[in-house]
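Okay, upload-v6.cif now, which holds mmCIF, C-alpha atoms:
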```
data_model
#
loop_
_atom_site.group_PDB
_atom_site.id
_atom_site.type_symbol
_atom_site.label_atom_id
_atom_site.label_comp_id
_atom_site.auth_asym_id
_atom_site.auth_seq_id
_atom_site.Cartn_x
_atom_site.Cartn_y
_atom_site.Cartn_z
ATOM 1 C CA MET U 1 167.697 60.772 98.388
ATOM 2 C CA VAL U 2 167.038 61.169 102.095
ATOM 3 C CA ASP U 3 167.963 64.841 101.967
ATOM 4 C CA SER U 4 165.617 65.306 99.033
ATOM 5 C CA ARG U 5 162.716 63.701 100.905
ATOM 6 C CA LEU U 6 163.438 65.757 103.990
ATOM 7 C CA ARG U 7 163.389 68.907 101.920
ATOM 8 C CA ASN U 8 160.030 67.898 100.403
ATOM 9 C CA VAL U 9 158.542 67.135 103.822
ATOM 10 C CA SER U 10 159.821 70.435 105.173
ATOM 11 C CA ALA U 11 158.239 72.245 102.248
ATOM 12 C CA VAL U 12 154.866 70.567 102.884
ATOM 13 C CA ILE U 13 155.035 71.428 106.585
ATOM 14 C CA ALA U 14 155.859 75.047 105.748
ATOM 15 C CA MET U 15 152.963 75.291 103.295
ATOM 16 C CA THR U 16 150.570 73.752 105.822
ATOM 17 C CA ALA U 17 151.696 76.211 108.470
ATOM 18 C CA ALA U 18 151.199 79.092 106.078
ATOM 19 C CA CYS U 19 147.693 77.924 105.210
ATOM 20 C CA THR U 20 146.872 77.583 108.889
ATOM 21 C CA ALA U 21 148.158 81.064 109.653
ATOM 22 C CA VAL U 22 146.589 83.056 106.794
ATOM 23 C CA GLY U 23 144.212 80.599 105.104
ATOM 24 C CA CYS U 24 144.657 78.896 101.746
ATOM 25 C CA SER U 25 143.203 80.723 98.756
ATOM 26 C CA SER U 26 140.535 78.059 98.212
ATOM 27 C CA GLU U 27 139.264 78.491 101.784
ATOM 28 C CA ALA U 28 140.004 82.151 102.424
ATOM 29 C CA LYS U 29 136.976 84.107 103.580
ATOM 30 C CA PRO U 30 136.255 87.098 101.308
ATOM 31 C CA ALA U 31 136.847 90.469 102.901
ATOM 32 C CA ASP U 32 133.679 92.407 103.670
ATOM 33 C CA LEU U 33 132.934 95.536 101.677
ATOM 34 C CA THR U 34 134.406 98.716 103.183
ATOM 35 C CA ALA U 35 133.657 102.386 102.553
ATOM 36 C CA ILE U 36 137.024 102.866 100.867
ATOM 37 C CA GLY U 37 136.494 99.818 98.641
ATOM 38 C CA ALA U 38 132.957 100.870 97.702
ATOM 39 C CA SER U 39 134.123 104.416 96.912
ATOM 40 C CA ALA U 40 136.842 103.104 94.609
ATOM 41 C CA LEU U 41 134.414 100.849 92.711
ATOM 42 C CA ILE U 42 131.872 103.649 92.310
ATOM 43 C CA SER U 43 134.568 106.026 91.078
ATOM 44 C CA GLN U 44 135.698 103.450 88.492
ATOM 45 C CA ARG U 45 132.195 103.223 87.016
ATOM 46 C CA TRP U 46 131.760 106.984 87.014
ATOM 47 C CA TYR U 47 135.098 107.425 85.278
ATOM 48 C CA ARG U 48 133.731 105.259 82.453
ATOM 49 C CA ASP U 49 130.593 107.462 82.367
ATOM 50 C CA GLU U 50 128.471 104.653 83.842
ATOM 51 C CA LEU U 51 125.809 104.961 86.552
ATOM 52 C CA ASN U 52 126.547 108.663 87.010
ATOM 53 C CA HIS U 53 123.410 110.340 85.659
ATOM 54 C CA PHE U 54 121.401 111.720 88.590
ATOM 55 C CA ALA U 55 118.060 113.510 88.255
ATOM 56 C CA VAL U 56 117.009 116.446 90.416
ATOM 57 C CA THR U 57 113.545 117.996 90.581
ATOM 58 C CA PHE U 58 112.839 121.561 91.674
ATOM 59 C CA HIS U 59 110.778 124.704 91.087
ATOM 60 C CA SER U 60 112.085 127.741 89.230
ATOM 61 C CA ASP U 61 110.430 130.552 87.301
ATOM 62 C CA SER U 62 113.693 131.604 85.681
ATOM 63 C CA LEU U 63 115.219 128.245 84.678
ATOM 64 C CA ILE U 64 113.738 127.996 81.172
ATOM 65 C CA GLY U 65 114.784 131.476 80.149
ATOM 66 C CA CYS U 66 118.225 131.150 81.681
ATOM 67 C CA GLY U 67 118.923 127.831 79.973
ATOM 68 C CA ALA U 68 117.821 129.189 76.602
ATOM 69 C CA GLN U 69 119.981 132.289 77.056
ATOM 70 C CA ASN U 70 122.999 130.098 77.884
ATOM 71 C CA ASP U 71 122.371 127.777 74.901
ATOM 72 C CA LEU U 72 121.550 124.740 77.062
ATOM 73 C CA TRP U 73 118.184 124.046 75.406
ATOM 74 C CA SER U 74 115.779 125.459 72.860
ATOM 75 C CA LEU U 75 112.022 125.456 72.327
ATOM 76 C CA VAL U 76 110.692 122.954 69.786
ATOM 77 C CA GLU U 77 107.106 123.176 68.531
ATOM 78 C CA THR U 78 105.466 120.214 66.803
ATOM 79 C CA GLU U 79 101.973 119.713 65.386
ATOM 80 C CA ASP U 80 100.081 116.718 66.724
ATOM 81 C CA ARG U 81 96.473 116.139 65.607
ATOM 82 C CA GLY U 82 95.813 119.818 65.271
ATOM 83 C CA PHE U 83 97.489 120.745 68.537
ATOM 84 C CA THR U 84 100.827 122.453 68.914
ATOM 85 C CA ARG U 85 103.125 120.744 71.380
ATOM 86 C CA ARG U 86 105.831 122.841 72.988
ATOM 87 C CA THR U 87 108.846 121.025 74.391
ATOM 88 C CA TYR U 88 112.410 121.910 75.231
ATOM 89 C CA GLN U 89 115.327 119.947 73.841
ATOM 90 C CA LEU U 90 118.999 120.049 74.712
ATOM 91 C CA THR U 91 121.270 121.837 72.294
ATOM 92 C CA GLU U 92 124.666 120.518 71.241
ATOM 93 C CA ARG U 93 126.224 122.440 74.107
ATOM 94 C CA GLY U 94 123.472 121.357 76.482
ATOM 95 C CA ASN U 95 124.130 117.697 75.729
ATOM 96 C CA LYS U 96 127.666 118.137 77.026
ATOM 97 C CA VAL U 97 126.390 119.623 80.295
ATOM 98 C CA LEU U 98 123.236 117.590 80.966
ATOM 99 C CA PHE U 99 121.988 114.101 80.164
ATOM 100 C CA ALA U 100 118.257 114.871 79.906
ATOM 101 C CA ILE U 101 115.640 117.518 80.717
ATOM 102 C CA ASP U 102 111.913 117.641 81.405
ATOM 103 C CA LEU U 103 110.989 121.318 81.761
ATOM 104 C CA LYS U 104 107.574 122.669 82.725
ATOM 105 C CA GLU U 105 106.358 126.085 81.554
ATOM 106 C CA SER U 106 104.502 126.384 84.855
ATOM 107 C CA GLY U 107 107.895 126.565 86.570
ATOM 108 C CA LYS U 108 106.910 123.656 88.833
ATOM 109 C CA LEU U 109 108.665 120.294 89.040
ATOM 110 C CA HIS U 110 111.382 120.817 86.457
ATOM 111 C CA GLU U 111 113.548 117.711 86.165
ATOM 112 C CA ILE U 112 117.109 117.790 84.889
ATOM 113 C CA THR U 113 119.422 114.792 84.730
ATOM 114 C CA LEU U 114 123.041 115.626 85.456
ATOM 115 C CA ARG U 115 126.311 114.332 84.033
ATOM 116 C CA GLY U 116 128.520 115.527 86.891
ATOM 117 C CA PRO U 117 131.247 116.123 87.861
ATOM 118 C CA TYR U 118 130.435 115.029 91.405
ATOM 119 C CA ARG U 119 131.822 114.761 94.870
ATOM 120 C CA PHE U 120 130.465 112.034 97.126
ATOM 121 C CA GLU U 121 130.892 110.146 100.355
ATOM 122 C CA VAL U 122 129.758 106.735 101.543
ATOM 123 C CA THR U 123 127.553 107.266 104.596
ATOM 124 C CA ASN U 124 126.455 103.712 105.428
ATOM 125 C CA ILE U 125 126.763 100.066 104.399
ATOM 126 C CA THR U 126 124.047 97.581 105.325
ATOM 127 C CA PRO U 127 123.209 93.949 104.404
ATOM 128 C CA GLY U 128 121.216 93.345 101.245
ATOM 129 C CA SER U 129 118.495 90.831 100.438
ATOM 130 C CA GLN U 130 121.100 88.033 100.142
ATOM 131 C CA PRO U 131 124.168 87.246 102.279
ATOM 132 C CA ASP U 132 126.469 88.190 99.386
ATOM 133 C CA MET U 133 124.843 91.601 98.832
ATOM 134 C CA ARG U 134 125.453 94.994 100.409
ATOM 135 C CA GLN U 135 123.520 98.261 100.234
ATOM 136 C CA VAL U 136 125.820 101.281 100.117
ATOM 137 C CA GLU U 137 124.289 104.661 100.835
ATOM 138 C CA ILE U 138 126.047 107.625 99.288
ATOM 139 C CA HIS U 139 125.510 111.356 99.453
ATOM 140 C CA TRP U 140 126.558 113.154 96.268
ATOM 141 C CA GLU U 141 126.770 116.751 95.155
ATOM 142 C CA ILE U 142 127.967 118.599 92.101
ATOM 143 C CA ASP U 143 131.626 119.537 92.285
ATOM 144 C CA TRP U 144 130.870 123.242 92.120
ATOM 145 C CA ASP U 145 134.446 124.258 91.365
ATOM 146 C CA LYS U 146 134.489 122.036 88.258
ATOM 147 C CA ALA U 147 130.853 122.378 87.154
ATOM 148 C CA PRO U 148 130.115 123.994 83.760
ATOM 149 C CA VAL U 149 129.544 127.745 84.013
ATOM 150 C CA GLU U 150 126.208 127.439 82.174
ATOM 151 C CA LEU U 151 124.888 125.053 84.809
ATOM 152 C CA LYS U 152 126.048 127.260 87.662
ATOM 153 C CA ALA U 153 124.420 130.278 86.034
ATOM 154 C CA CYS U 154 120.981 128.658 85.953
ATOM 155 C CA VAL U 155 120.685 126.196 88.840
ATOM 156 C CA PRO U 156 121.430 126.974 92.508
ATOM 157 C CA LYS U 157 124.109 124.854 94.114
ATOM 158 C CA PHE U 158 121.794 123.580 96.845
ATOM 159 C CA GLU U 159 119.568 121.909 94.232
ATOM 160 C CA LEU U 160 122.453 119.864 92.822
ATOM 161 C CA SER U 161 122.809 117.148 95.426
ATOM 162 C CA GLY U 162 121.093 113.986 96.555
ATOM 163 C CA THR U 163 121.287 110.517 98.075
ATOM 164 C CA GLN U 164 121.455 107.141 96.353
ATOM 165 C CA VAL U 165 121.666 103.554 97.563
ATOM 166 C CA ALA U 166 124.058 101.465 95.482
ATOM 167 C CA LEU U 167 123.770 97.690 95.272
ATOM 168 C CA PHE U 168 126.944 95.613 95.509
ATOM 169 C CA ARG U 169 127.338 91.858 95.159
ATOM 170 C CA LEU U 170 130.190 89.493 95.887
ATOM 171 C CA PHE U 171 131.460 87.379 92.996
ATOM 172 C CA GLY U 172 134.073 84.946 94.277
ATOM 173 C CA GLN U 173 136.537 87.151 96.145
ATOM 174 C CA GLU U 174 135.494 90.354 94.348
ATOM 175 C CA TRP U 175 132.810 92.921 95.140
ATOM 176 C CA ARG U 176 131.054 94.516 92.177
ATOM 177 C CA PHE U 177 128.897 97.631 91.912
ATOM 178 C CA LEU U 178 125.729 96.572 90.074
ATOM 179 C CA SER U 179 123.125 99.338 90.141
ATOM 180 C CA TYR U 180 121.134 101.760 92.265
ATOM 181 C CA LEU U 181 118.124 100.647 94.260
ATOM 182 C CA LYS U 182 114.718 102.266 94.068
ATOM 183 C CA PRO U 183 113.626 103.626 97.458
ATOM 184 C CA GLU U 184 110.962 100.930 97.776
ATOM 185 C CA ASP U 185 113.572 98.193 97.202
ATOM 186 C CA VAL U 186 115.943 99.297 99.969
ATOM 187 C CA ILE U 187 115.968 96.920 102.931
ATOM 188 C CA ALA U 188 115.895 98.807 106.204
ATOM 189 C CA PRO U 189 118.588 97.806 108.729
ATOM 190 C CA PRO U 190 117.402 96.133 111.957
ATOM 191 C CA GLU U 191 115.885 98.617 114.390
ATOM 192 C CA GLY U 192 118.428 100.009 116.796
ATOM 193 C CA SER U 193 121.430 98.866 114.777
ATOM 194 C CA ALA U 194 124.331 101.279 114.377
ATOM 195 C CA PRO U 195 125.866 102.275 111.036
ATOM 196 C CA SER U 196 128.474 99.753 109.968
ATOM 197 C CA LEU U 197 131.144 102.303 109.145
ATOM 198 C CA ASP U 198 132.487 105.727 109.934
ATOM 199 C CA LYS U 199 131.890 108.564 107.485
ATOM 200 C CA LEU U 200 134.706 109.250 105.103
ATOM 201 C CA PRO U 201 136.416 112.645 105.353
#
```

Translate the structure described by the file into structure tokens.
Amino acid sequence: MVDSRLRNVSAVIAMTAACTAVGCSSEAKPADLTAIGASALISQRWYRDELNHFAVTFHSDSLIGCGAQNDLWSLVETEDRGFTRRTYQLTERGNKVLFAIDLKESGKLHEITLRGPYRFEVTNITPGSQPDMRQVEIHWEIDWDKAPVELKACVPKFELSGTQVALFRLFGQEWRFLSYLKPEDVIAPPEGSAPSLDKLP
């Protein structure tokens, strides 16, 4: 009986020491969000075809003709109150390459929404509007080597890149990627503060 009690006491002491050294799970402080962790969570959502449709706007006099020639979109004319409306809609092939289009016959301010594939890097992590939130700035670009040939034929590579700010929030011990912030919703870091991480290779 004595040996049994001694063993129990020893076990309690060992558990207490372990909690003191590394922290018990109920009191453990959540790890802050890192660039590697944020990259992994973003990649998971993109793999499920979520939050990976980025719009780019640019000028081009040849885009409409090139896209039609490569079967990305076609001209659709509809009658509306005596007027003929001319719009461009994605073809079956185009829907596999792009998510949406808004083309202008003037050649100015075309907008195409991409499906990827992308390459990206996390360039900064800053506090959000709440203590359990983080703003993660990423720079993305089309993975040119894997991009559809039709897209590469019609849109210059330098147009297919951009910057987004992703919003993360801590739930318990787990960080989650929620959405992208509009530019006006991004909270600027304190003046003179340094980036909170190194750029990823």

| atom CA of U:Ala55 and atom CA of U:Leu41, how far apart in Å? |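 Atom CA of U:Ala55 lies at a distance of 21.2 Å from atom CA of U:Leu41.
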
| Pick from U:Arg134, U:Thr123, U:Ala147, U:Gly82 nearest to U:Ser179, counting all atoms listed in the file |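 Between U:Arg134, U:Thr123, U:Ala147, U:Gly82, the residue approaching U:Ser179 most closely is U:Arg134.
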
| field | Å distance separating atom CA of U:Ile187 from atom CA of U:Gly128, one decimal place | value | 6.6 Å

| query | Interatomic distance between atom CA of U:Ser39 and atom CA of U:Val136? | reply | 9.4 Å

| message | For the provided coordinates, the residues matched by the PyMOL selection byres ((chain U and resi 51) around 12) should be stated as an NGL selection string. | response | :U and (41-50 or 52-55 or 99 or 113-116 or 164-167 or 177-181)

| Protein and nucleic acid residues near (123.3, 128.3, 82.4) (cut-off 10 Å, only C-alpha atoms) as a list in words |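 Nearby residues: Leu63, Ile64, Gly65, Cys66, Gly67, Ala68, Gln69, Asn70, Asp71, Leu72, Trp73, Gly94, Val97, Pro148, Val149, Glu150, Leu151, Lys152, Ala153, Cys154 and Val155 of chain U.
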
Would you compute an axis-aligned box for stretch 135-143 of chain U, covering every atom listed for it in the file with 6 Å of margin on each side, and report centre and edge lengths in Å to one decimal as AutoDock Vina command-line options?
```
--center_x 127.6 --center_y 108.9 --center_z 96.5 --size_x 20.1 --size_y 33.3 --size_z 20.7
```

| From the list U:Gln135, U:Ser74, U:Ser106, U:Ser62, which residue is nearest U:Arg93 when using only C-alpha atoms? |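 Smallest distance to U:Arg93 is found for U:Ser74.
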